[in-house]
>>> print(open('upload-v2.pdb').read())   # PDB, C-alpha atoms and all ligand atoms
ATOM      1  CA  MET A1098       0.000   0.000   0.000  1.00  0.00           C
ATOM      2  CA  ILE A1099       1.198   3.502  -0.821  1.00  0.00           C
ATOM      3  CA  ILE A1100      -0.107   6.422   1.215  1.00  0.00           C
ATOM      4  CA  ALA A1101       0.630   9.850  -0.298  1.00  0.00           C
ATOM      5  CA  MET A1102       0.528  12.747   2.147  1.00  0.00           C
ATOM      6  CA  ASP A1103       0.833  16.334   1.021  1.00  0.00           C
ATOM      7  CA  GLY A1104       0.326  19.644   2.736  1.00  0.00           C
ATOM      8  CA  PRO A1105       1.921  22.969   3.634  1.00  0.00           C
ATOM      9  CA  ALA A1106       4.706  23.535   6.173  1.00  0.00           C
ATOM     10  CA  ALA A1107       3.869  22.555   9.768  1.00  0.00           C
ATOM     11  CA  SER A1108       0.448  21.170   8.847  1.00  0.00           C
ATOM     12  CA  GLY A1109       1.205  18.126  10.994  1.00  0.00           C
ATOM     13  CA  LYS A1110       1.821  15.818   8.031  1.00  0.00           C
ATOM     14  CA  GLY A1111       5.315  14.826   9.197  1.00  0.00           C
ATOM     15  CA  THR A1112       4.218  13.567  12.596  1.00  0.00           C
ATOM     16  CA  LEU A1113       1.152  11.933  11.096  1.00  0.00           C
ATOM     17  CA  ALA A1114       3.122  10.249   8.315  1.00  0.00           C
ATOM     18  CA  LYS A1115       5.538   8.674  10.826  1.00  0.00           C
ATOM     19  CA  GLN A1116       2.698   7.454  13.019  1.00  0.00           C
ATOM     20  CA  LEU A1117       0.761   6.062  10.076  1.00  0.00           C
ATOM     21  CA  ALA A1118       3.870   4.233   8.844  1.00  0.00           C
ATOM     22  CA  SER A1119       4.220   2.590  12.213  1.00  0.00           C
ATOM     23  CA  HIS A1120       0.466   1.860  12.501  1.00  0.00           C
ATOM     24  CA  TYR A1121       0.321   0.078   9.117  1.00  0.00           C
ATOM     25  CA  GLY A1122       3.884  -1.318   9.163  1.00  0.00           C
ATOM     26  CA  LEU A1123       4.997   0.724   6.131  1.00  0.00           C
ATOM     27  CA  GLY A1124       8.246   2.491   5.229  1.00  0.00           C
ATOM     28  CA  HIS A1125       8.335   6.273   5.634  1.00  0.00           C
ATOM     29  CA  LEU A1126       9.934   8.912   3.425  1.00  0.00           C
ATOM     30  CA  ASP A1127      10.015  12.629   4.239  1.00  0.00           C
ATOM     31  CA  THR A1128      10.665  14.105   0.798  1.00  0.00           C
ATOM     32  CA  GLY A1129      11.139  17.614   2.241  1.00  0.00           C
ATOM     33  CA  ALA A1130      14.420  16.310   3.680  1.00  0.00           C
ATOM     34  CA  LEU A1131      15.641  15.624   0.122  1.00  0.00           C
ATOM     35  CA  TYR A1132      15.096  19.249  -0.937  1.00  0.00           C
ATOM     36  CA  ARG A1133      16.610  20.463   2.333  1.00  0.00           C
ATOM     37  CA  ALA A1134      19.649  18.242   1.725  1.00  0.00           C
ATOM     38  CA  VAL A1135      20.104  19.700  -1.778  1.00  0.00           C
ATOM     39  CA  ALA A1136      20.017  23.207  -0.271  1.00  0.00           C
ATOM     40  CA  ARG A1137      22.459  22.222   2.487  1.00  0.00           C
ATOM     41  CA  ASP A1138      24.961  20.691   0.071  1.00  0.00           C
ATOM     42  CA  MET A1139      24.701  23.643  -2.333  1.00  0.00           C
ATOM     43  CA  LEU A1140      25.355  26.123   0.477  1.00  0.00           C
ATOM     44  CA  ALA A1141      28.223  23.998   1.806  1.00  0.00           C
ATOM     45  CA  GLY A1142      29.776  24.034  -1.675  1.00  0.00           C
ATOM     46  CA  GLY A1143      29.431  27.833  -1.876  1.00  0.00           C
ATOM     47  CA  ARG A1144      26.931  27.595  -4.771  1.00  0.00           C
ATOM     48  CA  ASP A1145      24.111  30.005  -5.593  1.00  0.00           C
ATOM     49  CA  LEU A1146      20.752  28.412  -4.864  1.00  0.00           C
ATOM     50  CA  ASP A1147      19.441  29.364  -8.307  1.00  0.00           C
ATOM     51  CA  ASP A1148      22.255  27.576 -10.182  1.00  0.00           C
ATOM     52  CA  GLU A1149      20.006  24.901 -11.699  1.00  0.00           C
ATOM     53  CA  VAL A1150      22.702  22.731 -13.271  1.00  0.00           C
ATOM     54  CA  ALA A1151      24.746  22.583 -10.053  1.00  0.00           C
ATOM     55  CA  ALA A1152      21.590  21.992  -7.993  1.00  0.00           C
ATOM     56  CA  ALA A1153      20.476  19.100 -10.214  1.00  0.00           C
ATOM     57  CA  GLN A1154      23.962  17.583  -9.984  1.00  0.00           C
ATOM     58  CA  THR A1155      23.830  17.994  -6.195  1.00  0.00           C
ATOM     59  CA  ALA A1156      20.371  16.361  -6.135  1.00  0.00           C
ATOM     60  CA  ARG A1157      21.711  13.322  -8.043  1.00  0.00           C
ATOM     61  CA  ASN A1158      24.461  12.940  -5.450  1.00  0.00           C
ATOM     62  CA  ILE A1159      22.431  13.235  -2.243  1.00  0.00           C
ATOM     63  CA  ASP A1160      23.575  10.724   0.351  1.00  0.00           C
ATOM     64  CA  PRO A1161      20.412   9.164   1.868  1.00  0.00           C
ATOM     65  CA  GLU A1162      22.441   8.496   5.042  1.00  0.00           C
ATOM     66  CA  THR A1163      22.500  12.260   5.709  1.00  0.00           C
ATOM     67  CA  LEU A1164      18.731  12.849   5.631  1.00  0.00           C
ATOM     68  CA  GLU A1165      18.413  12.645   9.415  1.00  0.00           C
ATOM     69  CA  ASP A1166      20.931  15.482   9.884  1.00  0.00           C
ATOM     70  CA  PRO A1167      19.412  17.862  12.519  1.00  0.00           C
ATOM     71  CA  GLY A1168      21.032  20.735  10.580  1.00  0.00           C
ATOM     72  CA  LEU A1169      18.332  20.202   7.927  1.00  0.00           C
ATOM     73  CA  ARG A1170      15.541  21.131  10.308  1.00  0.00           C
ATOM     74  CA  THR A1171      16.234  24.861  10.695  1.00  0.00           C
ATOM     75  CA  ALA A1172      13.865  27.549   9.394  1.00  0.00           C
ATOM     76  CA  ALA A1173      16.641  28.897   7.159  1.00  0.00           C
ATOM     77  CA  MET A1174      17.119  25.485   5.532  1.00  0.00           C
ATOM     78  CA  GLY A1175      13.356  25.216   4.927  1.00  0.00           C
ATOM     79  CA  GLU A1176      13.463  28.512   3.118  1.00  0.00           C
ATOM     80  CA  ALA A1177      16.550  27.538   1.106  1.00  0.00           C
ATOM     81  CA  ALA A1178      14.883  24.213   0.240  1.00  0.00           C
ATOM     82  CA  SER A1179      11.874  26.000  -1.244  1.00  0.00           C
ATOM     83  CA  LEU A1180      14.231  27.921  -3.555  1.00  0.00           C
ATOM     84  CA  VAL A1181      15.938  24.828  -4.985  1.00  0.00           C
ATOM     85  CA  ALA A1182      12.518  23.091  -5.117  1.00  0.00           C
ATOM     86  CA  LYS A1183      11.406  25.600  -7.776  1.00  0.00           C
ATOM     87  CA  LEU A1184      14.007  24.283 -10.220  1.00  0.00           C
ATOM     88  CA  PRO A1185      12.557  21.708 -12.665  1.00  0.00           C
ATOM     89  CA  GLN A1186      15.853  19.807 -13.076  1.00  0.00           C
ATOM     90  CA  VAL A1187      16.142  19.368  -9.315  1.00  0.00           C
ATOM     91  CA  ARG A1188      12.619  17.951  -9.095  1.00  0.00           C
ATOM     92  CA  GLU A1189      13.360  15.626 -12.007  1.00  0.00           C
ATOM     93  CA  ALA A1190      16.590  14.434 -10.363  1.00  0.00           C
ATOM     94  CA  LEU A1191      14.770  13.601  -7.114  1.00  0.00           C
ATOM     95  CA  VAL A1192      11.619  11.995  -8.487  1.00  0.00           C
ATOM     96  CA  GLU A1193      13.109   8.587  -9.299  1.00  0.00           C
ATOM     97  CA  TYR A1194      14.497   8.138  -5.771  1.00  0.00           C
ATOM     98  CA  GLN A1195      11.041   8.902  -4.382  1.00  0.00           C
ATOM     99  CA  ARG A1196       9.283   6.499  -6.774  1.00  0.00           C
ATOM    100  CA  ALA A1197      11.793   3.730  -6.039  1.00  0.00           C
ATOM    101  CA  PHE A1198      11.100   4.214  -2.331  1.00  0.00           C
ATOM    102  CA  ALA A1199       7.355   4.015  -3.022  1.00  0.00           C
ATOM    103  CA  ARG A1200       7.801   0.721  -4.877  1.00  0.00           C
ATOM    104  CA  ARG A1201       9.619  -0.977  -1.998  1.00  0.00           C
ATOM    105  CA  PRO A1202       8.021  -4.270  -0.971  1.00  0.00           C
ATOM    106  CA  GLY A1203       5.591  -3.748   1.870  1.00  0.00           C
ATOM    107  CA  GLY A1204       4.615  -0.244   0.812  1.00  0.00           C
ATOM    108  CA  ALA A1205       5.280   3.224   2.124  1.00  0.00           C
ATOM    109  CA  VAL A1206       3.953   6.471   3.475  1.00  0.00           C
ATOM    110  CA  ILE A1207       5.498   9.296   1.463  1.00  0.00           C
ATOM    111  CA  GLU A1208       5.036  12.907   2.486  1.00  0.00           C
ATOM    112  CA  GLY A1209       5.734  16.148   0.660  1.00  0.00           C
ATOM    113  CA  ARG A1210       4.045  18.682  -1.589  1.00  0.00           C
ATOM    114  CA  ASP A1211       3.532  16.854  -4.905  1.00  0.00           C
ATOM    115  CA  ILE A1212       3.308  13.189  -3.905  1.00  0.00           C
ATOM    116  CA  GLY A1213      -0.348  12.669  -4.827  1.00  0.00           C
ATOM    117  CA  THR A1214      -0.109  14.800  -7.954  1.00  0.00           C
ATOM    118  CA  VAL A1215       3.300  13.966  -9.481  1.00  0.00           C
ATOM    119  CA  VAL A1216       5.422  11.424  -7.591  1.00  0.00           C
ATOM    120  CA  CYS A1217       2.761   8.774  -6.891  1.00  0.00           C
ATOM    121  CA  PRO A1218      -0.400   9.668  -8.817  1.00  0.00           C
ATOM    122  CA  ASP A1219      -1.541   6.029  -8.406  1.00  0.00           C
ATOM    123  CA  ALA A1220      -1.167   5.956  -4.606  1.00  0.00           C
ATOM    124  CA  ASP A1221      -3.796   3.836  -2.842  1.00  0.00           C
ATOM    125  CA  VAL A1222      -4.734   6.681  -0.514  1.00  0.00           C
ATOM    126  CA  LYS A1223      -4.006  10.404  -0.838  1.00  0.00           C
ATOM    127  CA  ILE A1224      -4.365  12.732   2.094  1.00  0.00           C
ATOM    128  CA  PHE A1225      -3.950  16.498   1.906  1.00  0.00           C
ATOM    129  CA  VAL A1226      -3.232  17.792   5.402  1.00  0.00           C
ATOM    130  CA  GLU A1227      -4.186  21.397   6.110  1.00  0.00           C
ATOM    131  CA  ALA A1228      -4.218  23.715   9.133  1.00  0.00           C
ATOM    132  CA  SER A1229      -4.635  27.473   9.470  1.00  0.00           C
ATOM    133  CA  ALA A1230      -1.485  29.572   9.015  1.00  0.00           C
ATOM    134  CA  GLN A1231      -1.673  30.756  12.652  1.00  0.00           C
ATOM    135  CA  VAL A1232      -1.892  27.231  14.035  1.00  0.00           C
ATOM    136  CA  ARG A1233       0.970  26.090  11.819  1.00  0.00           C
ATOM    137  CA  ALA A1234       3.174  29.023  12.834  1.00  0.00           C
ATOM    138  CA  LYS A1235       2.493  28.304  16.526  1.00  0.00           C
ATOM    139  CA  ARG A1236       3.409  24.640  16.094  1.00  0.00           C
ATOM    140  CA  ARG A1237       6.606  25.369  14.176  1.00  0.00           C
ATOM    141  CA  HIS A1238       7.598  28.087  16.665  1.00  0.00           C
ATOM    142  CA  LYS A1239       7.163  25.687  19.616  1.00  0.00           C
ATOM    143  CA  GLU A1240       9.182  23.021  17.780  1.00  0.00           C
ATOM    144  CA  LEU A1241      12.088  25.394  17.053  1.00  0.00           C
ATOM    145  CA  ILE A1242      12.123  26.857  20.575  1.00  0.00           C
ATOM    146  CA  GLU A1243      12.190  23.330  22.013  1.00  0.00           C
ATOM    147  CA  ALA A1244      15.098  22.535  19.692  1.00  0.00           C
ATOM    148  CA  GLY A1245      16.989  25.455  21.232  1.00  0.00           C
ATOM    149  CA  GLN A1246      16.593  27.958  18.377  1.00  0.00           C
ATOM    150  CA  ASP A1247      15.938  31.561  19.405  1.00  0.00           C
ATOM    151  CA  ILE A1248      13.327  32.924  17.005  1.00  0.00           C
ATOM    152  CA  ALA A1249      10.181  35.112  17.348  1.00  0.00           C
ATOM    153  CA  TYR A1250       6.678  33.827  16.528  1.00  0.00           C
ATOM    154  CA  GLU A1251       6.084  36.718  14.108  1.00  0.00           C
ATOM    155  CA  GLU A1252       9.184  35.788  12.157  1.00  0.00           C
ATOM    156  CA  ILE A1253       8.048  32.177  11.846  1.00  0.00           C
ATOM    157  CA  HIS A1254       4.577  33.266  10.762  1.00  0.00           C
ATOM    158  CA  ALA A1255       6.045  35.475   8.032  1.00  0.00           C
ATOM    159  CA  GLN A1256       8.434  32.715   6.895  1.00  0.00           C
ATOM    160  CA  ILE A1257       5.661  30.132   6.701  1.00  0.00           C
ATOM    161  CA  ALA A1258       3.414  32.497   4.743  1.00  0.00           C
ATOM    162  CA  ALA A1259       6.222  33.284   2.292  1.00  0.00           C
ATOM    163  CA  ARG A1260       7.165  29.608   1.854  1.00  0.00           C
ATOM    164  CA  ASP A1261       3.521  28.602   1.302  1.00  0.00           C
ATOM    165  CA  ALA A1262       3.085  31.326  -1.304  1.00  0.00           C
ATOM    166  CA  LEU A1263       6.190  30.142  -3.143  1.00  0.00           C
ATOM    167  CA  ASP A1264       5.216  26.451  -2.929  1.00  0.00           C
ATOM    168  CA  ARG A1265       1.642  27.100  -4.079  1.00  0.00           C
ATOM    169  CA  SER A1266       2.513  29.442  -6.944  1.00  0.00           C
ATOM    170  CA  ARG A1267       5.560  27.809  -8.557  1.00  0.00           C
ATOM    171  CA  ALA A1268       5.222  26.673 -12.144  1.00  0.00           C
ATOM    172  CA  VAL A1269       6.419  23.084 -11.619  1.00  0.00           C
ATOM    173  CA  SER A1270       4.684  20.703  -9.194  1.00  0.00           C
ATOM    174  CA  PRO A1271       2.973  23.386  -7.084  1.00  0.00           C
ATOM    175  CA  LEU A1272       1.462  22.548  -3.714  1.00  0.00           C
ATOM    176  CA  VAL A1273      -2.113  21.670  -4.634  1.00  0.00           C
ATOM    177  CA  PRO A1274      -4.379  18.833  -3.490  1.00  0.00           C
ATOM    178  CA  ALA A1275      -4.736  15.998  -6.012  1.00  0.00           C
ATOM    179  CA  GLN A1276      -8.291  15.793  -7.337  1.00  0.00           C
ATOM    180  CA  ASP A1277      -8.803  12.497  -5.552  1.00  0.00           C
ATOM    181  CA  ALA A1278      -7.113  13.540  -2.280  1.00  0.00           C
ATOM    182  CA  HIS A1279      -8.979  13.432   1.029  1.00  0.00           C
ATOM    183  CA  LEU A1280      -8.670  16.686   2.951  1.00  0.00           C
ATOM    184  CA  LEU A1281      -7.748  16.500   6.626  1.00  0.00           C
ATOM    185  CA  ASP A1282      -7.803  19.777   8.558  1.00  0.00           C
ATOM    186  CA  THR A1283      -5.754  19.430  11.735  1.00  0.00           C
ATOM    187  CA  SER A1284      -6.252  23.031  12.995  1.00  0.00           C
ATOM    188  CA  ASP A1285      -8.379  21.852  15.926  1.00  0.00           C
ATOM    189  CA  LEU A1286      -6.912  18.387  16.317  1.00  0.00           C
ATOM    190  CA  GLY A1287      -4.177  17.214  18.663  1.00  0.00           C
ATOM    191  CA  ILE A1288      -1.759  14.523  17.478  1.00  0.00           C
ATOM    192  CA  GLU A1289      -3.861  11.614  18.745  1.00  0.00           C
ATOM    193  CA  ALA A1290      -7.106  12.939  17.285  1.00  0.00           C
ATOM    194  CA  ALA A1291      -5.423  13.634  13.940  1.00  0.00           C
ATOM    195  CA  LEU A1292      -4.031  10.076  13.844  1.00  0.00           C
ATOM    196  CA  LYS A1293      -7.436   8.639  14.676  1.00  0.00           C
ATOM    197  CA  ALA A1294      -9.079  10.676  11.910  1.00  0.00           C
ATOM    198  CA  ALA A1295      -6.413   9.643   9.383  1.00  0.00           C
ATOM    199  CA  VAL A1296      -6.687   5.932  10.285  1.00  0.00           C
ATOM    200  CA  LYS A1297     -10.476   6.093   9.989  1.00  0.00           C
ATOM    201  CA  LEU A1298     -10.160   7.705   6.585  1.00  0.00           C
ATOM    202  CA  ILE A1299      -7.546   5.239   5.298  1.00  0.00           C
ATOM    203  CA  ASP A1300      -9.453   2.213   6.605  1.00  0.00           C
ATOM    204  CA  SER A1301     -12.593   3.413   4.866  1.00  0.00           C
ATOM    205  CA  VAL A1302     -10.698   3.673   1.559  1.00  0.00           C
ATOM    206  CA  ILE A1303      -8.768   0.387   1.667  1.00  0.00           C
ATOM    207  CA  ARG A1304     -11.460  -1.896   3.110  1.00  0.00           C
TER     208      ARG A1304
HETATM  209  O1  LIG B1401       8.345  19.591   4.181  1.00  0.00           O
HETATM  210  P1  LIG B1401       9.517  20.524   4.361  1.00  0.00           P
HETATM  211  O2  LIG B1401       9.180  21.741   5.150  1.00  0.00           O
HETATM  212  O3  LIG B1401      10.715  19.830   4.929  1.00  0.00           O
HETATM  213  O4  LIG B1401       9.904  20.970   2.873  1.00  0.00           O
HETATM  214  C1  LIG B1401      10.861  21.963   2.630  1.00  0.00           C
HETATM  215  C2  LIG B1401      10.603  22.575   1.258  1.00  0.00           C
HETATM  216  O5  LIG B1401      10.897  21.593   0.263  1.00  0.00           O
HETATM  217  C3  LIG B1401       9.151  22.969   0.989  1.00  0.00           C
HETATM  218  O6  LIG B1401       8.838  24.296   1.410  1.00  0.00           O
HETATM  219  C4  LIG B1401       9.034  22.823  -0.523  1.00  0.00           C
HETATM  220  O7  LIG B1401       9.463  23.981  -1.182  1.00  0.00           O
HETATM  221  C5  LIG B1401      10.018  21.713  -0.840  1.00  0.00           C
HETATM  222  N1  LIG B1401       9.338  20.432  -1.108  1.00  0.00           N
HETATM  223  C6  LIG B1401       8.819  20.249  -2.368  1.00  0.00           C
HETATM  224  N2  LIG B1401       8.262  19.055  -2.709  1.00  0.00           N
HETATM  225  C7  LIG B1401       8.203  18.058  -1.827  1.00  0.00           C
HETATM  226  C8  LIG B1401       8.716  18.233  -0.517  1.00  0.00           C
HETATM  227  C9  LIG B1401       9.267  19.454  -0.182  1.00  0.00           C
HETATM  228  O8  LIG B1401       8.836  21.167  -3.188  1.00  0.00           O
HETATM  229  N3  LIG B1401       7.685  16.880  -2.210  1.00  0.00           N
END
>>> encode(input="upload-v2.pdb", output="structure tokens")
Amino acid sequence: MIIAMDGPAASGKGTLAKQLASHYGLGHLDTGALYRAVARDMLAGGRDLDDEVAAAQTARNIDPETLEDPGLRTAAMGEAASLVAKLPQVREALVEYQRAFARRPGGAVIEGRDIGTVVCPDADVKIFVEASAQVRAKRRHKELIEAGQDIAYEEIHAQIAARDALDRSRAVSPLVPAQDAHLLDTSDLGIEAALKAAVKLIDSVIR
């Protein structure tokens, strides 16, 4: 079974995707980490983030062993990731890795922005996770403060709004729900309630 989960930054899709993978015994891939890793390696190599040829080359050479790097989780890296994610050749370079992961025996939960629309259009279940911009900014702010980063709520709110606008408006693979995606709004749901709602939805589709 392949579960495709898309949604904007801090919608709760990351936490949900991990929990769903463990609930159904599936593999889990956070595709945002791939774009963050491209941005990290470009910056480390002193490259401009809009150098498409270098970025595509970097994308082809991503080391999957480095995707858990805590350095990927900063707000600045999220922003840098959304810049390299606009580049068609970068998306093309990363799509095969994502599809190969999806095809692994036993199935997978894959989360990102274009999983239901581009990476896995034939996924068994597609969920588009939403939450209001305020709720998402509060969640992300709490997460970053707990991780020891000193950053104001207003700054996070502005960053999230800017990143959403970029992700939703880009020409290639914009953030948009697939036509056959199920919408899940987590604005008023805690983690447990969101998981329960997602499991109910998935069970109703696959049974
Ligand atoms: O999900 P995360 O916040 O880690 O994603 C970082 C950035 O990577 C997003 O803002 C988006 O620009 C890009 N991304 C993407 N397509 C995906 C996953 C992430 O464009 N499938």
>>> closest_residue(input="upload-v2.pdb", among="A:Gln1276, A:Thr1155, A:Gln1246, A:Gln1186", to="Leu1140 in chain A", atoms="only C-alpha atoms")
A:Thr1155
>>> closest_atom_pairs(input="upload-v2.pdb", of="chain A", to="ligand LIG 1401 (chain B)", cutoff="6 Å", atoms="only C-alpha atoms and all ligand atoms", output="JSON lines")
{"residue": "A:Ala1106", "atom": "CA", "partner": "B:LIG1401", "partner_atom": "O2", "distance": 4.9}
{"residue": "A:Thr1128", "atom": "CA", "partner": "B:LIG1401", "partner_atom": "C8", "distance": 4.8}
{"residue": "A:Gly1129", "atom": "CA", "partner": "B:LIG1401", "partner_atom": "O3", "distance": 3.5}
{"residue": "A:Ala1130", "atom": "CA", "partner": "B:LIG1401", "partner_atom": "O3", "distance": 5.3}
{"residue": "A:Tyr1132", "atom": "CA", "partner": "B:LIG1401", "partner_atom": "O5", "distance": 5.0}
{"residue": "A:Arg1133", "atom": "CA", "partner": "B:LIG1401", "partner_atom": "C1", "distance": 5.9}
{"residue": "A:Gly1175", "atom": "CA", "partner": "B:LIG1401", "partner_atom": "C1", "distance": 4.7}
{"residue": "A:Ala1178", "atom": "CA", "partner": "B:LIG1401", "partner_atom": "C2", "distance": 4.7}
{"residue": "A:Ser1179", "atom": "CA", "partner": "B:LIG1401", "partner_atom": "O7", "distance": 3.1}
{"residue": "A:Ala1182", "atom": "CA", "partner": "B:LIG1401", "partner_atom": "O8", "distance": 4.6}
{"residue": "A:Gly1209", "atom": "CA", "partner": "B:LIG1401", "partner_atom": "N3", "distance": 3.5}
{"residue": "A:Arg1210", "atom": "CA", "partner": "B:LIG1401", "partner_atom": "N3", "distance": 4.1}
{"residue": "A:Asp1211", "atom": "CA", "partner": "B:LIG1401", "partner_atom": "N3", "distance": 5.0}
{"residue": "A:Ile1212", "atom": "CA", "partner": "B:LIG1401", "partner_atom": "N3", "distance": 6.0}
{"residue": "A:Arg1260", "atom": "CA", "partner": "B:LIG1401", "partner_atom": "O6", "distance": 5.6}
{"residue": "A:Asp1264", "atom": "CA", "partner": "B:LIG1401", "partner_atom": "O7", "distance": 5.2}
>>> closest_residue(input="upload-v2.pdb", among="A:Leu1180, A:Ala1205, A:Ala1173, A:Ile1288", to="Ala1220 in chain A", atoms="all atoms listed in the file")
A:Ala1205
>>> residues_around(input="upload-v2.pdb", residues="Leu1280 in chain A", least_positions_apart="4", cutoff="7 Å", atoms="only C-alpha atoms", output="number ranges by chain")
A: 1224-1226
>>> axis_aligned_box(input="upload-v2.pdb", around="range 1285-1294 of chain A", padding_each_side="6 Å", output="AutoDock Vina command-line options")
--center_x -5.4 --center_y 15.2 --center_z 15.3 --size_x 19.3 --size_y 25.2 --size_z 18.8
>>> resolve_selection(input="upload-v2.pdb", expression="the PyMOL selection byres (((chain A and resi 1147) around 9) and not hetatm)", output="PDB file with C-alpha atoms, keeping the file's coordinate frame")
ATOM      1  CA  ARG A1144      26.931  27.595  -4.771  1.00  0.00           C
ATOM      2  CA  ASP A1145      24.111  30.005  -5.593  1.00  0.00           C
ATOM      3  CA  LEU A1146      20.752  28.412  -4.864  1.00  0.00           C
ATOM      4  CA  ASP A1148      22.255  27.576 -10.182  1.00  0.00           C
ATOM      5  CA  GLU A1149      20.006  24.901 -11.699  1.00  0.00           C
ATOM      6  CA  VAL A1150      22.702  22.731 -13.271  1.00  0.00           C
ATOM      7  CA  ALA A1151      24.746  22.583 -10.053  1.00  0.00           C
ATOM      8  CA  ALA A1152      21.590  21.992  -7.993  1.00  0.00           C
ATOM      9  CA  LEU A1180      14.231  27.921  -3.555  1.00  0.00           C
ATOM     10  CA  VAL A1181      15.938  24.828  -4.985  1.00  0.00           C
ATOM     11  CA  LYS A1183      11.406  25.600  -7.776  1.00  0.00           C
ATOM     12  CA  LEU A1184      14.007  24.283 -10.220  1.00  0.00           C
TER      13      LEU A1184
END
>>> closest_residue(input="upload-v2.pdb", among="A:Ala1177, A:Ile1303, A:Ser1119, A:Asp1160", to="Met1139 in chain A", atoms="all atoms listed in the file")
A:Ala1177
>>> residues_around(input="upload-v2.pdb", residues="Ala1268 in chain A", least_positions_apart="3", cutoff="9 Å", atoms="all atoms listed in the file", output="MDAnalysis selection string")
chainID A and resid 1183 1185 1265 1271
>>> atom_distance(input="upload-v2.pdb", atom1="CA of Phe1198 in chain A", atom2="CA of Arg1157 in chain A")
15.1 Å
